[in-house]
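Have a look at input_10.cif below; it lists mmCIF, C-alpha atoms.
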```cif
data_my_file
loop_
_atom_site.label_atom_id
_atom_site.label_comp_id
_atom_site.auth_asym_id
_atom_site.auth_seq_id
_atom_site.Cartn_x
_atom_site.Cartn_y
_atom_site.Cartn_z
CA MET A 6 210.48 172.25 120.96
CA THR A 7 210.94 174.30 117.80
CA THR A 8 212.65 177.66 118.12
CA LEU A 9 211.96 180.26 115.45
CA ARG A 10 214.37 183.10 114.90
CA GLY A 11 215.00 185.77 112.33
CA GLY A 12 212.79 187.72 110.00
CA LYS A 13 213.58 189.48 106.76
CA ALA A 14 217.10 188.76 105.58
CA PRO A 15 219.49 191.77 105.70
CA TRP A 16 220.05 191.53 101.96
CA ALA A 17 216.41 192.42 101.26
CA THR A 18 217.33 196.08 101.79
CA LEU A 19 220.24 195.71 99.39
CA LEU A 20 217.99 194.24 96.70
CA SER A 21 215.62 197.19 97.06
CA ALA A 22 218.52 199.54 96.47
CA LEU A 23 219.71 197.56 93.44
CA SER A 24 216.26 197.66 91.89
CA ALA A 25 215.90 201.42 92.29
CA CYS A 26 217.63 202.02 88.97
CA THR A 27 214.82 200.92 86.67
CA GLY A 28 214.92 203.29 83.74
CA ASN A 29 212.94 202.90 80.55
CA VAL A 30 214.96 201.14 77.86
CA GLU A 31 213.29 203.28 75.20
CA ASP A 32 214.40 206.52 76.88
CA GLU A 33 218.06 205.74 77.62
CA ALA A 34 220.99 204.10 75.93
CA VAL A 35 221.61 200.57 77.19
CA THR A 36 225.20 199.54 77.87
CA LEU A 37 225.41 195.79 77.55
CA THR A 38 227.72 193.77 79.76
CA ALA A 39 230.73 192.72 77.71
CA VAL A 40 231.02 189.02 76.87
CA ASP A 41 233.90 186.74 75.97
CA ALA A 42 232.74 184.26 73.34
CA TRP A 43 233.43 180.56 73.99
CA THR A 44 232.51 177.37 72.24
CA THR A 45 233.08 173.67 72.87
CA GLU A 46 234.16 170.57 71.03
CA ALA A 47 233.22 166.97 71.76
CA GLU A 48 235.87 164.95 73.59
CA TYR A 49 234.20 162.33 75.82
CA GLU A 50 230.93 160.51 75.40
CA PHE A 51 229.40 157.22 76.51
CA GLY A 52 225.93 155.72 76.31
CA ASP A 53 224.53 152.64 74.58
CA ARG A 54 221.78 152.78 72.02
CA PHE A 55 220.06 149.51 72.94
CA ASP A 56 221.75 147.71 75.84
CA GLY A 57 224.89 147.53 77.98
CA ASP A 58 226.11 149.17 81.16
CA ALA A 59 225.66 152.74 79.88
CA LEU A 60 221.95 152.56 79.17
CA PHE A 61 220.58 155.67 80.87
CA GLY A 62 216.99 156.57 81.68
CA LEU A 63 216.69 160.15 82.96
CA ILE A 64 219.97 161.81 83.92
CA VAL A 65 219.46 164.61 86.43
CA ASP A 66 223.06 165.31 87.46
CA VAL A 67 226.69 164.70 86.49
CA ALA A 68 229.86 165.51 88.45
CA VAL A 69 233.58 164.87 87.98
CA THR A 70 236.39 164.48 90.51
CA PRO A 71 239.08 167.20 90.46
CA ASP A 72 241.61 164.89 88.78
CA GLY A 73 239.08 163.97 86.09
CA SER A 74 239.39 160.24 86.71
CA ARG A 75 235.81 159.57 87.83
CA ILE A 76 232.46 160.71 86.46
CA TYR A 77 229.41 160.37 88.73
CA VAL A 78 225.98 160.14 87.07
CA LEU A 79 222.61 160.33 88.84
CA ASP A 80 219.81 158.60 86.95
CA SER A 81 216.44 159.34 88.57
CA ARG A 82 214.56 156.80 86.46
CA ALA A 83 216.93 154.01 87.51
CA THR A 84 217.13 155.55 91.04
CA GLU A 85 220.88 154.96 91.17
CA VAL A 86 224.27 156.63 90.98
CA THR A 87 226.91 155.20 88.68
CA ILE A 88 230.68 155.87 88.59
CA TRP A 89 232.55 155.84 85.28
CA THR A 90 235.93 156.50 83.76
CA PRO A 91 236.03 159.26 81.14
CA LYS A 92 236.16 156.57 78.46
CA GLY A 93 232.88 155.05 79.67
CA ASN A 94 234.09 152.09 81.70
CA LEU A 95 231.72 151.36 84.59
CA ILE A 96 233.38 151.41 88.03
CA ARG A 97 230.39 150.92 90.34
CA ARG A 98 226.64 151.31 90.78
CA PHE A 99 225.04 152.25 94.08
CA GLY A 100 221.64 153.26 95.36
CA ARG A 101 218.33 151.75 94.31
CA GLU A 102 214.61 152.39 94.67
CA GLY A 103 213.33 152.01 98.21
CA GLU A 104 213.18 153.66 101.61
CA GLY A 105 216.00 151.85 103.38
CA PRO A 106 219.60 153.01 104.03
CA GLY A 107 221.21 154.15 100.80
CA GLU A 108 217.97 153.87 98.81
CA PHE A 109 215.98 156.57 97.00
CA ARG A 110 212.39 157.38 96.12
CA ASN A 111 212.84 160.44 93.91
CA PRO A 112 216.46 161.66 93.70
CA GLY A 113 216.75 165.14 92.26
CA ARG A 114 220.42 166.17 92.38
CA PHE A 115 223.69 165.44 94.13
CA TYR A 116 226.67 167.38 95.48
CA LEU A 117 230.25 166.11 95.12
CA TYR A 118 232.54 167.09 98.00
CA ASP A 119 236.20 166.33 98.69
CA ASP A 120 235.46 163.11 100.56
CA SER A 121 231.76 162.38 100.03
CA LEU A 122 228.75 162.62 97.74
CA VAL A 123 225.35 163.84 98.98
CA VAL A 124 222.20 162.88 97.07
CA ARG A 125 219.22 165.18 97.52
CA GLU A 126 215.58 164.12 97.47
CA TRP A 127 213.37 167.21 97.35
CA ARG A 128 210.85 166.26 100.03
CA ARG A 129 212.46 163.27 101.76
CA GLY A 130 215.99 164.23 102.85
CA LEU A 131 219.64 163.78 101.91
CA THR A 132 221.85 160.68 101.76
CA THR A 133 225.64 160.73 102.15
CA PHE A 134 227.94 158.21 100.46
CA SER A 135 231.70 157.83 100.32
CA LEU A 136 233.31 158.58 96.99
CA ASP A 137 233.44 154.82 96.43
CA GLY A 138 229.66 154.56 96.88
CA ASP A 139 229.47 153.19 100.43
CA PHE A 140 226.49 154.39 102.48
CA ILE A 141 227.49 156.79 105.28
CA GLY A 142 224.34 158.39 106.61
CA TRP A 143 220.78 159.62 106.16
CA HIS A 144 219.86 163.21 107.04
CA ALA A 145 216.34 164.58 107.50
CA ILE A 146 214.47 167.11 109.61
CA PRO A 147 211.84 165.68 112.00
CA PRO A 148 208.27 166.15 110.69
CA PHE A 149 207.30 168.24 113.73
CA VAL A 150 209.70 171.00 112.57
CA SER A 151 208.08 173.26 109.98
CA TRP A 152 207.74 176.82 108.74
CA ARG A 153 204.22 178.08 109.46
CA GLY A 154 203.05 174.48 109.20
CA PHE A 155 204.66 173.84 105.79
CA SER A 156 207.07 170.97 105.22
CA PHE A 157 210.43 171.51 103.55
CA SER A 158 212.12 170.98 100.23
CA TYR A 159 215.74 170.03 100.92
CA GLU A 160 218.32 172.14 99.14
CA SER A 161 221.76 171.52 100.71
CA LEU A 162 223.47 169.84 103.65
CA LEU A 163 226.00 172.15 105.29
CA ALA A 164 229.34 171.12 106.75
CA ASP A 165 228.12 171.53 110.35
CA GLY A 166 225.19 169.15 109.76
CA SER A 167 222.55 171.88 109.41
CA PHE A 168 220.25 172.14 106.39
CA LEU A 169 219.40 174.70 103.75
CA VAL A 170 215.69 174.28 102.93
CA THR A 171 212.69 176.08 101.45
CA PRO A 172 209.09 175.56 102.61
CA VAL A 173 206.70 173.88 100.18
CA VAL A 174 203.74 176.23 99.68
CA GLY A 175 200.99 175.15 97.29
CA GLY A 176 199.56 177.44 94.64
CA MET A 177 196.12 177.75 96.26
CA ILE A 178 197.72 178.81 99.55
CA SER A 179 200.34 181.13 98.06
CA GLU A 180 197.62 183.00 96.17
CA GLY A 181 195.41 183.33 99.26
CA LEU A 182 192.58 181.21 97.85
CA THR A 183 192.14 179.18 101.03
CA GLY A 184 191.08 182.13 103.20
CA ASP A 185 194.53 183.04 104.54
CA ASP A 186 196.76 185.89 103.43
CA PRO A 187 198.78 185.25 100.27
CA ILE A 188 202.41 184.21 100.66
CA HIS A 189 204.51 185.95 98.03
CA GLU A 190 207.95 185.71 99.66
CA ILE A 191 209.41 182.25 100.23
CA PRO A 192 212.34 182.10 102.67
CA TRP A 193 215.51 180.13 102.29
CA LEU A 194 216.10 178.79 105.79
CA ARG A 195 218.99 177.34 107.72
CA VAL A 196 217.56 174.63 109.97
CA ALA A 197 219.83 173.39 112.76
CA GLN A 198 219.54 171.32 115.91
CA GLU A 199 221.04 173.08 118.90
CA THR A 200 221.04 171.66 122.44
CA GLY A 201 217.97 169.55 121.87
CA SER A 202 215.86 172.11 120.01
CA TRP A 203 215.58 173.11 116.37
CA SER A 204 216.17 176.64 115.07
CA LEU A 205 215.00 178.19 111.79
CA ASP A 206 216.95 181.21 110.54
CA THR A 207 216.11 183.16 107.40
CA VAL A 208 219.05 183.35 104.99
CA ALA A 209 217.38 184.81 101.89
CA LEU A 210 213.95 185.64 100.51
CA ARG A 211 212.69 184.50 97.13
CA SER A 212 210.02 186.71 95.60
CA ASP A 213 207.12 184.84 93.98
CA ARG A 214 204.99 187.96 93.65
CA ASN A 215 202.80 188.31 90.55
CA THR A 216 204.13 185.07 89.03
CA THR A 217 200.91 183.02 89.05
CA ILE A 218 197.65 183.35 87.12
CA VAL A 219 194.60 181.75 88.74
CA PHE A 220 191.20 181.14 87.18
CA PRO A 221 189.01 180.02 90.14
CA GLY A 222 186.80 177.01 89.62
CA THR A 223 183.03 177.29 89.46
CA GLY A 224 180.60 174.64 90.66
CA THR A 225 182.19 171.25 90.04
CA THR A 226 185.27 172.58 88.20
CA VAL A 227 188.64 173.14 89.85
CA ALA A 228 190.86 176.18 89.64
CA THR A 229 193.28 176.47 86.70
CA PHE A 230 196.81 177.73 87.41
CA PHE A 231 199.41 179.16 85.04
CA ASP A 232 202.85 180.63 85.56
CA GLN A 233 203.08 184.18 84.27
CA PRO A 234 205.27 183.63 81.18
CA TRP A 235 206.98 187.02 81.38
CA VAL A 236 207.21 187.54 85.14
CA ARG A 237 209.68 185.22 86.82
CA LYS A 238 210.25 184.10 90.38
CA ASP A 239 213.65 184.88 91.84
CA ALA A 240 216.01 182.06 90.93
CA CYS A 241 218.01 180.89 93.95
CA GLN A 242 220.40 178.02 94.60
CA GLY A 243 222.32 176.96 97.69
CA ASP A 244 226.03 176.16 97.79
CA GLY A 245 226.59 173.55 100.48
CA ARG A 246 230.37 173.78 100.17
CA VAL A 247 230.61 177.31 101.55
CA GLY A 248 227.12 177.59 103.04
CA ASN A 249 225.92 180.44 100.83
CA VAL A 250 222.81 181.12 98.75
CA VAL A 251 222.99 182.81 95.35
CA CYS A 252 219.88 184.50 93.94
CA ALA A 253 219.18 186.03 90.55
CA ARG A 254 216.53 188.72 90.50
CA THR A 255 214.72 189.96 87.38
CA GLN A 256 211.42 191.24 88.80
CA THR A 257 211.21 195.07 88.71
CA MET A 258 214.55 195.15 86.86
CA PRO A 259 215.01 197.16 83.66
CA PRO A 260 214.64 195.07 80.49
CA GLY A 261 217.47 192.56 80.09
CA VAL A 262 218.87 193.17 83.57
CA VAL A 263 219.60 190.50 86.18
CA ASP A 264 220.89 191.22 89.68
CA LEU A 265 223.02 188.48 91.21
CA VAL A 266 223.31 188.42 95.00
CA GLU A 267 225.24 185.96 97.16
CA VAL A 268 224.41 185.72 100.87
CA SER A 269 226.05 183.72 103.65
CA VAL A 270 224.01 181.57 106.04
CA GLY A 271 224.55 184.32 108.58
CA GLY A 272 222.64 186.74 106.34
CA ASP A 273 225.67 188.76 105.20
CA THR A 274 225.87 189.85 101.59
CA VAL A 275 229.20 188.63 100.19
CA TRP A 276 228.79 189.47 96.49
CA THR A 277 226.53 191.40 94.13
CA ARG A 278 226.67 191.99 90.42
CA ARG A 279 224.30 193.60 87.95
CA ILE A 280 224.39 192.25 84.40
CA GLN A 281 222.79 193.93 81.41
CA LEU A 282 221.86 191.61 78.56
CA GLU A 283 220.20 192.66 75.32
CA PRO A 284 216.53 193.58 75.95
CA LEU A 285 214.24 191.22 74.01
CA PRO A 286 210.79 192.67 73.18
CA ILE A 287 207.65 190.56 73.48
CA GLY A 288 206.15 190.42 70.01
CA ASP A 289 202.44 190.91 69.37
CA ARG A 290 202.24 187.45 67.83
CA GLU A 291 203.97 185.88 70.86
CA TYR A 292 201.48 187.56 73.16
CA GLU A 293 198.41 186.54 71.15
CA GLU A 294 199.61 182.93 70.85
CA LYS A 295 199.92 182.78 74.65
CA VAL A 296 196.40 184.26 75.03
CA ASP A 297 194.98 181.64 72.68
CA TRP A 298 196.74 178.78 74.45
CA MET A 299 195.67 179.84 77.95
CA ALA A 300 192.11 180.64 76.92
CA SER A 301 191.63 177.23 75.29
CA ILE A 302 192.87 175.41 78.41
CA VAL A 303 190.70 177.43 80.79
CA SER A 304 187.67 176.96 78.54
CA ARG A 305 188.21 173.19 78.46
CA ASP A 306 188.87 172.91 82.21
CA HIS A 307 185.72 174.84 83.00
CA GLY A 308 183.51 172.56 80.92
CA GLY A 309 183.49 174.58 77.74
CA ASP A 310 184.72 174.04 74.22
CA SER A 311 188.46 173.79 73.43
CA VAL A 312 187.98 176.77 71.10
CA ALA A 313 187.92 179.75 73.43
CA SER A 314 185.24 182.41 73.17
CA PRO A 315 186.04 186.13 72.85
CA LEU A 316 184.89 186.52 76.46
CA MET A 317 187.38 183.93 77.67
CA ARG A 318 190.18 185.56 75.68
CA ARG A 319 189.32 188.88 77.30
CA ARG A 320 189.46 187.27 80.75
CA VAL A 321 192.93 185.93 79.96
CA ARG A 322 194.15 189.32 78.75
CA GLU A 323 193.00 190.89 82.03
CA LYS A 324 195.25 188.51 83.98
CA LEU A 325 198.19 187.99 81.62
CA ALA A 326 201.02 190.41 82.41
CA ASN A 327 202.79 191.99 79.46
CA PRO A 328 205.82 193.98 80.67
CA GLY A 329 206.88 194.59 77.06
CA PHE A 330 210.14 192.63 77.31
CA TRP A 331 211.15 189.08 78.11
CA PRO A 332 212.71 188.50 81.55
CA ALA A 333 216.49 188.48 81.36
CA ILE A 334 217.00 184.80 82.28
CA ARG A 335 215.09 181.61 83.13
CA GLY A 336 217.14 180.36 86.12
CA ILE A 337 220.65 179.76 87.43
CA ARG A 338 222.99 176.85 88.08
CA LEU A 339 226.00 177.12 90.39
CA MET A 340 228.97 175.36 88.86
CA SER A 341 231.89 173.85 90.75
CA ASN A 342 234.41 176.16 89.05
CA GLY A 343 232.91 179.19 90.84
CA GLU A 344 230.68 180.44 88.03
CA VAL A 345 226.94 181.11 87.90
CA TRP A 346 225.54 179.77 84.63
CA PHE A 347 222.26 181.00 83.13
CA ARG A 348 220.50 181.32 79.78
CA ARG A 349 217.85 183.52 78.24
CA LEU A 350 214.17 182.72 78.72
CA LYS A 351 213.13 183.54 75.15
CA GLU A 352 212.70 180.46 73.01
CA GLY A 353 215.34 179.88 70.37
CA ALA A 354 218.30 180.76 72.60
CA SER A 355 218.35 177.70 74.82
CA HIS A 356 221.78 176.57 73.55
CA VAL A 357 223.53 179.84 74.47
CA TRP A 358 224.67 180.06 78.09
CA TYR A 359 226.24 182.88 80.07
CA ALA A 360 228.67 182.47 82.97
CA ALA A 361 229.47 185.09 85.62
CA ARG A 362 232.27 184.35 88.06
CA ARG A 363 231.26 184.71 91.69
CA GLY A 364 233.19 187.49 93.40
CA GLU A 365 233.79 189.50 90.22
CA THR A 366 231.83 192.75 90.11
CA GLU A 367 232.90 193.99 86.69
CA GLY A 368 234.53 192.89 83.48
CA PRO A 369 233.29 190.53 80.76
CA ILE A 370 231.22 187.44 81.41
CA ARG A 371 231.47 184.30 79.31
CA GLN A 372 229.03 183.46 76.54
CA ILE A 373 229.21 179.73 75.76
CA VAL A 374 227.54 178.20 72.71
CA LEU A 375 226.59 174.55 73.28
CA PRO A 376 224.79 171.99 71.12
CA GLU A 377 221.03 172.44 71.38
CA ASN A 378 220.46 168.96 72.78
CA PHE A 379 223.17 169.22 75.46
CA LYS A 380 222.38 170.01 79.12
CA PRO A 381 225.36 171.32 81.12
CA ARG A 382 225.64 169.87 84.63
CA PHE A 383 229.25 170.36 85.74
CA VAL A 384 232.08 172.71 84.75
CA ASP A 385 235.78 172.68 85.62
CA ASP A 386 238.69 174.65 84.19
CA THR A 387 238.79 172.74 80.90
CA HIS A 388 235.50 170.92 80.31
CA VAL A 389 231.75 171.16 80.62
CA TRP A 390 230.04 167.85 81.42
CA GLY A 391 226.40 166.98 81.00
CA ASP A 392 224.03 164.83 79.01
CA ARG A 393 222.66 164.94 75.50
CA SER A 394 219.89 163.13 73.66
CA ASP A 395 220.02 162.03 70.05
CA GLU A 396 217.20 162.10 67.50
CA LEU A 397 215.86 158.77 68.83
CA GLY A 398 215.77 159.99 72.43
CA VAL A 399 218.81 157.95 73.54
CA THR A 400 220.71 159.68 76.34
CA TYR A 401 224.50 159.98 76.55
CA VAL A 402 226.91 161.39 79.12
CA ALA A 403 229.22 163.85 77.38
CA GLY A 404 232.26 165.92 78.25
CA ARG A 405 233.03 168.82 75.95
CA ARG A 406 236.27 170.82 75.95
CA LEU A 407 235.81 174.56 76.52
CA MET A 408 237.59 176.84 74.04
CA PRO A 409 237.56 180.60 73.49
CA THR A 410 236.13 181.54 70.11
CA ARG A 411 238.74 182.92 67.77
CA GLU A 412 237.88 185.87 65.61
#
```
For the structure just supplied, provide its representation as structure tokens.
Amino acid sequence: MTTLRGGKAPWATLLSALSACTGNVEDEAVTLTAVDAWTTEAEYEFGDRFDGDALFGLIVDVAVTPDGSRIYVLDSRATEVTIWTPKGNLIRRFGREGEGPGEFRNPGRFYLYDDSLVVREWRRGLTTFSLDGDFIGWHAIPPFVSWRGFSFSYESLLADGSFLVTPVVGGMISEGLTGDDPIHEIPWLRVAQETGSWSLDTVALRSDRNTTIVFPGTGTTVATFFDQPWVRKDACQGDGRVGNVVCARTQTMPPGVVDLVEVSVGGDTVWTRRIQLEPLPIGDREYEEKVDWMASIVSRDHGGDSVASPLMRRRVREKLANPGFWPAIRGIRLMSNGEVWFRRLKEGASHVWYAARRGETEGPIRQIVLPENFKPRFVDDTHVWGDRSDELGVTYVAGRRLMPTRE
């Protein structure tokens, strides 16, 4: 038996209140959130150009123990986790491709806890290992448990054995193209087994409204889908350590504004912060380039020429939203040091990251300049760890020391 409880999360009302202040940036002075400038310098790096133990395929996560003695690396292409010293000495490999105990099909991220490591596979479940890499357990929700008939994407495993998940809703269904009502709000759910039955409780709601462009198929052609480039879904991430969900909201916000909201699994709002970044206008050339690109793809998909006609360009303009300014950010990543890291959506700023400390409602946030080819995965008090690729596409694990920028 599946028991369904809950409805709209209590924080939905709070978000509505936060979004009420949506003035026009052209009519009022904008007070930017103060930033403390930080940079980094290279300190640790390992990875082999041609062969050896440190030959990585596709790194999707990196984590470091509190004492800094072990670095864990998840390589989705090799479907394995490896443990290293900071100097690049291999300690152990574990996990491999398969469907047995301790094996993976498509690992997407892991979480490092005080006494265990949990590897997440988006659609399959979560696997727990000891910090030495020994298999402990496999965790998954039975297939008969669902949200409105939709299966789940696994987000986090909570300390009490319950799950944080989101339902997987396809684009055709979410846009109402299958005959049912559209689904524009995707819940974050806590799924738990209690006395023989399963309960689903809404923790947070992620707005997907107005984020998809659909050109329906005609005859033998299929529908063509695009993400609205300047209207973003809410960016949410679960924190399995404390059982909370953090969401960043930019829809209906004033230009350059992001609202950060942290909610407990019980639905209580534990932290909010509004951040004002510099508003970045959408240029006429940027808009027309996007029209050309979309129109050529739709024309090709629908059996036409790759050079779009004026009619097709007009159809694209009718569907392509132009709010005048770029969304404030492209997504968030919760770091182990208690910060929320994010970067601007506009191209050309991908190496500049911002960090807001959870719990702080005012004061400066950090602005960290990283190398353009470096992806941050883990942050502690002194270092940011991640992976970088060189000009030949070779991947390295790197730890960079964080330093405030001196004037």
Would you mind listing what lies within 10 Å of Ser341 (chain A) as a PDB file with C-alpha atoms, keeping the file's coordinate frame, with all atoms listed in the file counted and same-chain residues fewer than 6 positions away left out?
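Output contents, as saved in result-v9.pdb:
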```
ATOM      1  CA  ALA A  68     229.860 165.510  88.450  1.00  0.00           C
ATOM      2  CA  VAL A  69     233.580 164.870  87.980  1.00  0.00           C
ATOM      3  CA  PRO A  71     239.080 167.200  90.460  1.00  0.00           C
ATOM      4  CA  TYR A 116     226.670 167.380  95.480  1.00  0.00           C
ATOM      5  CA  LEU A 117     230.250 166.110  95.120  1.00  0.00           C
ATOM      6  CA  TYR A 118     232.540 167.090  98.000  1.00  0.00           C
ATOM      7  CA  ASP A 244     226.030 176.160  97.790  1.00  0.00           C
ATOM      8  CA  ARG A 246     230.370 173.780 100.170  1.00  0.00           C
ATOM      9  CA  ARG A 382     225.640 169.870  84.630  1.00  0.00           C
ATOM     10  CA  PHE A 383     229.250 170.360  85.740  1.00  0.00           C
ATOM     11  CA  VAL A 384     232.080 172.710  84.750  1.00  0.00           C
ATOM     12  CA  ASP A 385     235.780 172.680  85.620  1.00  0.00           C
ATOM     13  CA  ASP A 386     238.690 174.650  84.190  1.00  0.00           C
TER      14      ASP A 386
END
```
Using the chain letters and numbering of this document, enumerate as an mmCIF file with C-alpha atoms, in the coordinates of the input the residues selected by the PyMOL selection byres ((chain A and resi 170) around 7).
```
data_model
loop_
_atom_site.group_PDB
_atom_site.id
_atom_site.type_symbol
_atom_site.label_atom_id
_atom_site.label_comp_id
_atom_site.auth_asym_id
_atom_site.auth_seq_id
_atom_site.Cartn_x
_atom_site.Cartn_y
_atom_site.Cartn_z
ATOM 1 C CA PHE A 157 210.430 171.510 103.550
ATOM 2 C CA SER A 158 212.120 170.980 100.230
ATOM 3 C CA TYR A 159 215.740 170.030 100.920
ATOM 4 C CA GLU A 160 218.320 172.140 99.140
ATOM 5 C CA PHE A 168 220.250 172.140 106.390
ATOM 6 C CA LEU A 169 219.400 174.700 103.750
ATOM 7 C CA THR A 171 212.690 176.080 101.450
ATOM 8 C CA PRO A 172 209.090 175.560 102.610
ATOM 9 C CA TRP A 193 215.510 180.130 102.290
ATOM 10 C CA LEU A 194 216.100 178.790 105.790
ATOM 11 C CA ARG A 195 218.990 177.340 107.720
#
```
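Compared by their closest atoms to Ala39 (chain A), and using only C-alpha atoms, the residues A:Glu283, A:Glu190, A:Asp306, A:Glu377 rank with A:Glu283 nearest.
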Please, what distance in Å, to one decimal, runs between CA of Leu163 (chain A) and CA of Val247 (chain A)? 7.9 Å
Once the PyMOL selection byres ((chain A and resi 209) around 7) is applied to the coordinates I shared, what remains selected? I want it as a list in words.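 Taken on the displayed file, the PyMOL selection byres ((chain A and resi 209) around 7) yields the residues Ala14, Pro192, Trp193, Thr207, Val208, Leu210 and Arg211 of chain A.
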Using only C-alpha atoms, please write the residues we just selected to a file, as an mmCIF file, keeping the file's coordinate frame.
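Output file again_13.cif is given in full below:
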```cif
data_model
loop_
_atom_site.group_PDB
_atom_site.id
_atom_site.type_symbol
_atom_site.label_atom_id
_atom_site.label_comp_id
_atom_site.auth_asym_id
_atom_site.auth_seq_id
_atom_site.Cartn_x
_atom_site.Cartn_y
_atom_site.Cartn_z
ATOM 1 C CA ALA A 14 217.100 188.760 105.580
ATOM 2 C CA PRO A 192 212.340 182.100 102.670
ATOM 3 C CA TRP A 193 215.510 180.130 102.290
ATOM 4 C CA THR A 207 216.110 183.160 107.400
ATOM 5 C CA VAL A 208 219.050 183.350 104.990
ATOM 6 C CA LEU A 210 213.950 185.640 100.510
ATOM 7 C CA ARG A 211 212.690 184.500 97.130
#
```
Exactly which residues make up the result of the PyMOL selection byres ((chain A and resi 102-106) around 12) on this file, given as an MDAnalysis selection string? chainID A and resid 80:86 99:101 107:112 126 129:134 139:144
Quick one: residues within 7 Å of Asp392 (chain A), all atoms listed in the file counted, chain neighbours fewer than 4 positions away excluded, as a PDB file with C-alpha atoms, keeping the file's coordinate frame?
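Saved file selection32.pdb follows:
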```pdb
ATOM      1  CA  PHE A 379     223.170 169.220  75.460  1.00  0.00           C
ATOM      2  CA  LYS A 380     222.380 170.010  79.120  1.00  0.00           C
ATOM      3  CA  PRO A 381     225.360 171.320  81.120  1.00  0.00           C
ATOM      4  CA  THR A 400     220.710 159.680  76.340  1.00  0.00           C
ATOM      5  CA  TYR A 401     224.500 159.980  76.550  1.00  0.00           C
ATOM      6  CA  VAL A 402     226.910 161.390  79.120  1.00  0.00           C
ATOM      7  CA  ALA A 403     229.220 163.850  77.380  1.00  0.00           C
TER       8      ALA A 403
END
```
Could you check which of A:Leu205, A:Leu339, A:Val123, A:Met408 is closest to Gln372 (chain A), using all atoms listed in the file?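 Closest candidate: A:Met408.
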Could you add whatever atoms are missing so that region 308-312 of chain A carries all heavy atoms, then write the result as a tab-separated table (two decimals), in the coordinates of the input?
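Result file follows (rebuild.tsv):
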```
chain	number	residue	atom	x	y	z
A	308	GLY	N	184.65	173.23	81.53
A	308	GLY	CA	183.51	172.56	80.92
A	308	GLY	C	183.07	173.11	79.60
A	308	GLY	O	182.01	172.74	79.10
A	309	GLY	N	183.88	174.00	79.01
A	309	GLY	CA	183.49	174.58	77.74
A	309	GLY	C	184.16	173.89	76.57
A	309	GLY	O	184.72	172.80	76.69
A	310	ASP	N	184.13	174.57	75.44
A	310	ASP	CA	184.72	174.04	74.22
A	310	ASP	C	186.20	174.36	74.21
A	310	ASP	O	186.66	175.32	74.84
A	310	ASP	CB	184.02	174.67	73.01
A	310	ASP	CG	184.34	173.90	71.74
A	310	ASP	OD1	183.84	172.77	71.60
A	310	ASP	OD2	185.07	174.45	70.90
A	311	SER	N	187.02	173.54	73.50
A	311	SER	CA	188.46	173.79	73.43
A	311	SER	C	188.77	175.03	72.61
A	311	SER	O	189.88	175.56	72.69
A	311	SER	CB	189.17	172.57	72.83
A	311	SER	OG	188.68	172.29	71.54
A	312	VAL	N	187.81	175.51	71.83
A	312	VAL	CA	187.98	176.77	71.10
A	312	VAL	C	187.42	177.88	71.99
A	312	VAL	O	186.22	177.94	72.26
A	312	VAL	CB	187.25	176.74	69.75
A	312	VAL	CG1	187.40	178.08	69.04
A	312	VAL	CG2	187.80	175.61	68.89
```
